[in-house]
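Student: Please see the structure below; I have some questions.
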Amino acid sequence: MFWTVLVTVAATLVLGVLALNFMPGEKQIERQLVRQYDTHDPQFRRSLGVLLGPPILEGNKVEALINGDQIFPAMLAAIRQAKETITFETYIYWSESIGNEFSRALSERARAGVKVHLMLDFMGSMKMDNALVDEMKKAGVQVQRYHKPVWWKLARMNNRTHRKLLVIDGKIGFTGGVGIADQWRGNAQDEDHWRDSHFRVEGPVVGQIQAVFNDNWTKATGVVLDGPGYFPELTPKGTMPAQMFSSSPTGGSESMHLMYLMAITAARHTIDLSAAYFVPDDLTIRTLIAAAKRGVRVRLITPGPIIDSDLVKAASRDRWPELLDAGVQIAEYKPTMYHVKTLIVDNLLVSVGSTNFDNRSFSINDEANLNVMDEGFAAQMSEIYERDWSRATPVTEHKFAQRPWYQRVSTWAVSLIDKQL
């Protein structure tokens, strides 16, 4: 009898912890936003700054970097030129050739007296060789693993940091979609080299990027990074208005979701979305359909046959019929894995960063996005989008309806757990 009671209590505790782990931490947005303005209305910009925070700042320069051949040299060059501080947060960091290059560069700067802070998600960096971490620590790099699973904090195990942030001397920032692994090398030339984008940033908004890094560093270590080495006076470097904001289940988990809903609701002419993982909730589906039905051209590029998660692909397809029926254009990128995360609205707003178009990014993970409101930058990003669209195969209602029976079954089955994808 005693052992039966003990086992029952233990099982109840385990189930309780698991339930807490998979339940959303905050109330979710349930109702569709009322369309009160469009993207070119000054109220749209005001609302982005007030509802989401922090404010949109003038005077920034944002440079698009396409694929690893452009991205990694730019990041490594900035690291090697650091004089005072480096703050680096990422999800994927493996020990392959590019991981070794970054570790050597970070270690060299730490030995030179630069304060180097590296935040790695525990799950995302599990493939990293511990010897590499030890070498960096020995050189003086401060390495922190985010949310390492421990039995008394299992309820937070599902919360990962998916943010991709690098700040050099508080003056140069990077954000986007790449992880530190060899599949991001090259120029998307084959299925072993992924298509992705990252962004180099200068100007006042870099202070906001640094603040987002500080958010998790302080949570994980209890240490506040401050002073001119981290937050120097920043002068204008360009003409782009920009805003860096973040979301986390521990506070503001719905802010990223709200940003996408606000942008889609305000769209007047076009919505171009690149989504490596596209598993939207009912509210987002309704908002996209409403945009298409009021005459907005809505386009979506997703991965094609080459994808690193068949579960996500199956769950994504569950919602395609109603989107296609409403006039949303969907195309699958064919050459390689498509890992881009970009939203372009009305040739004005561009949102880039770590956020996927799914419930995990909107409610479970820690994410960070850079919003840029500049027509010139939007035009540049639209050209890149058109190149990607030309290498993708459009999905038609007829073609989708003719997919094999086993794809239909897998789509239905995986849709049952789509809130965790």
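Just remember, in the structure tokens the first chain shown is A, the second B, etc., residues are 1-based per chain, and ligands are 1-based in the order shown.
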Need to verify the contact set: region 301-312 of chain A, 6 Å, only C-alpha atoms, exclusion of same-chain residues closer than 2 positions in sequence. Can you return it as a ChimeraX atom specification?
Tutor: /A:274-276,314-316,331-334,336-338
Student: Give me, as a VMD selection string, all polymer residues having an atom no more than 9 Å from Glu96 (chain A), counting only C-alpha atoms and skipping those fewer than 6 positions away in the same chain.
Tutor: chain A and resid 128 180 to 182
Student: Would you mind exporting N, CA and C atoms of the selected residues as a PDB file, in the first residue's frame?
Tutor:
ATOM      1  N   MET A 128      28.273  20.496 -29.168  1.00  0.00           N
ATOM      2  CA  MET A 128      29.557  21.166 -29.039  1.00  0.00           C
ATOM      3  C   MET A 128      30.488  20.339 -28.159  1.00  0.00           C
ATOM      4  N   ILE A 180      25.915  28.705 -35.546  1.00  0.00           N
ATOM      5  CA  ILE A 180      27.343  28.462 -35.764  1.00  0.00           C
ATOM      6  C   ILE A 180      27.524  26.964 -36.024  1.00  0.00           C
ATOM      7  N   ALA A 181      27.331  26.594 -37.283  1.00  0.00           N
ATOM      8  CA  ALA A 181      27.466  25.206 -37.719  1.00  0.00           C
ATOM      9  C   ALA A 181      27.764  25.199 -39.214  1.00  0.00           C
ATOM     10  N   ASP A 182      28.360  24.125 -39.687  1.00  0.00           N
ATOM     11  CA  ASP A 182      28.889  24.111 -41.048  1.00  0.00           C
ATOM     12  C   ASP A 182      27.832  24.116 -42.143  1.00  0.00           C
TER      13      ASP A 182
END
Student: Go through A:Arg294, A:Lys171, A:His162, A:Arg387 and flag the residue nearest Asp366 (chain A), using only C-alpha atoms for the distances.
Tutor: A:His162
Student: Could you pull the residues within 9 Å of Met244 (chain A), counting only C-alpha atoms, minus those fewer than 5 positions along the same chain, as an MDAnalysis selection string?
Tutor: chainID A and resid 53:56 205:209 212 368:372
Student: Need to verify the contact set: His193 (chain A), 12 Å, only C-alpha atoms, exclusion of same-chain residues closer than 2 positions in sequence. Can you return it as a PyMOL selection string?
Tutor: chain A and resi 67-69+178+181-191+195-196+306-307+335-339
Student: What gap, in Å, lies between CA of Gly124 (chain A) and CA of Tyr91 (chain A)?
Tutor: 4.9 Å
Student: Residues within 9 Å of region 253-263 of chain A, please, as a PyMOL selection string. Count only C-alpha atoms; anything in the same chain fewer than 5 positions from it doesn't count.
Tutor: chain A and resi 24-29+32-33+35+38-39+44+47-48+51-52+245-248+271+283-284+287-288+343+345+349+351+355+357+359+361-369
Student: Output C-alpha atoms for every residue in that selection, as a PDB file, in the first residue's frame.
Tutor:
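again.pdb written:
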ATOM      1  CA  PRO A  24       1.952  28.915 -21.920  1.00  0.00           C
ATOM      2  CA  GLY A  25       3.259  31.193 -19.195  1.00  0.00           C
ATOM      3  CA  GLU A  26       1.018  34.129 -20.031  1.00  0.00           C
ATOM      4  CA  LYS A  27      -2.442  34.799 -21.431  1.00  0.00           C
ATOM      5  CA  GLN A  28      -2.390  34.480 -25.202  1.00  0.00           C
ATOM      6  CA  ILE A  29      -3.894  36.928 -27.681  1.00  0.00           C
ATOM      7  CA  GLN A  32      -8.306  39.427 -34.130  1.00  0.00           C
ATOM      8  CA  LEU A  33      -6.992  42.991 -34.122  1.00  0.00           C
ATOM      9  CA  ARG A  35      -7.744  47.436 -38.517  1.00  0.00           C
ATOM     10  CA  ASP A  38      -2.182  51.109 -42.492  1.00  0.00           C
ATOM     11  CA  THR A  39       1.593  50.854 -42.498  1.00  0.00           C
ATOM     12  CA  PHE A  44       1.448  52.434 -37.130  1.00  0.00           C
ATOM     13  CA  SER A  47       1.970  51.816 -32.012  1.00  0.00           C
ATOM     14  CA  LEU A  48       4.995  49.646 -32.809  1.00  0.00           C
ATOM     15  CA  LEU A  51       2.846  48.653 -27.630  1.00  0.00           C
ATOM     16  CA  LEU A  52       5.993  46.641 -28.302  1.00  0.00           C
ATOM     17  CA  PHE A 245      12.730  44.112 -29.421  1.00  0.00           C
ATOM     18  CA  SER A 246      12.499  40.749 -27.745  1.00  0.00           C
ATOM     19  CA  SER A 247      10.041  38.243 -26.356  1.00  0.00           C
ATOM     20  CA  SER A 248      10.268  35.614 -23.639  1.00  0.00           C
ATOM     21  CA  ILE A 271       3.036  40.952 -47.436  1.00  0.00           C
ATOM     22  CA  LEU A 283      -5.648  33.769 -35.011  1.00  0.00           C
ATOM     23  CA  THR A 284      -2.695  34.323 -37.326  1.00  0.00           C
ATOM     24  CA  THR A 287      -5.428  37.553 -39.917  1.00  0.00           C
ATOM     25  CA  LEU A 288      -3.559  36.431 -43.055  1.00  0.00           C
ATOM     26  CA  LEU A 343       8.737  39.805 -43.141  1.00  0.00           C
ATOM     27  CA  VAL A 345       5.184  44.703 -45.611  1.00  0.00           C
ATOM     28  CA  LEU A 349       8.540  47.545 -42.853  1.00  0.00           C
ATOM     29  CA  SER A 351      11.354  42.534 -39.733  1.00  0.00           C
ATOM     30  CA  THR A 355      11.716  34.385 -34.942  1.00  0.00           C
ATOM     31  CA  PHE A 357       6.381  31.767 -37.747  1.00  0.00           C
ATOM     32  CA  ASN A 359       3.903  28.848 -31.657  1.00  0.00           C
ATOM     33  CA  SER A 361       8.732  31.293 -31.344  1.00  0.00           C
ATOM     34  CA  PHE A 362       5.594  33.227 -30.418  1.00  0.00           C
ATOM     35  CA  SER A 363       5.065  31.713 -26.948  1.00  0.00           C
ATOM     36  CA  ILE A 364       7.814  29.326 -25.799  1.00  0.00           C
ATOM     37  CA  ASN A 365      11.285  30.443 -26.898  1.00  0.00           C
ATOM     38  CA  ASP A 366      13.226  33.628 -26.183  1.00  0.00           C
ATOM     39  CA  GLU A 367      13.371  35.517 -29.491  1.00  0.00           C
ATOM     40  CA  ALA A 368      14.636  38.858 -30.829  1.00  0.00           C
ATOM     41  CA  ASN A 369      13.740  40.765 -34.003  1.00  0.00           C
TER      42      ASN A 369
END
Student: Would you mind telling me which residue in A:Arg299, A:His117, A:His269, A:Lys127 lies nearest to Asn214 (chain A) when using only C-alpha atoms?
Tutor: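 Looking only at the distances to Asn214 (chain A), the closest residue turns out to be A:His117.
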Student: Figure out the distance between CA of Tyr385 (chain A) and CA of Val340 (chain A), please, to one decimal in Å.
Tutor: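 For CA of Val340 (chain A) relative to CA of Tyr385 (chain A), the distance reads 10.0 Å.
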Student: Could you jot down the CA of Lys138 (chain A) to CA of Gln81 (chain A) separation for me, Å, one decimal place?
Tutor: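 Distance reported for this atom pair: 20.8 Å.
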Student: Using only C-alpha atoms, can you tell me which of A:Ile168, A:Val328, A:Ala291, A:Leu300 comes closest to Asp388 (chain A)?
Tutor: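 Closest candidate: A:Leu300.
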Student: I'd like the contact shell of Asn347 (chain A) - 12 Å cut-off, only C-alpha atoms, skipping same-chain residues fewer than 5 positions apart - returned as a ChimeraX atom specification.
Tutor: /A:39-40,267-272,372-383,385
Student: Counting only C-alpha atoms, which residue out of A:Ala139, A:Asp121, A:Met126, A:Arg80 sits closest to Ser107 (chain A)?
Tutor: A:Ala139
Student: Run DSSP on the backbone and tell me which residues of region 130-222 of chain A come out as alpha helix (DSSP H); list them as a PyMOL selection string.
Tutor: chain A and resi 130-139+205-221
Student: Determine the nearest neighbour of Thr235 (chain A) from the options A:Leu57, A:Ala326, A:Val395, A:Ala112, counting only C-alpha atoms.
Tutor: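 Using only C-alpha atoms, Thr235 (chain A) sits closest to A:Leu57.
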Student: Could you pull out all residues of region 89-234 of chain A with a DSSP call of strand (DSSP E or B) and give them as an MDAnalysis selection string?
Tutor: chainID A and resid 89:90 93 115:121 142:146 161 165:168 172:176 180 195 197:202
Student: From the list A:Ala74, A:Leu273, A:Ala290, A:Leu225, which residue is nearest Trp389 (chain A) when using only C-alpha atoms?
Tutor: A:Leu273
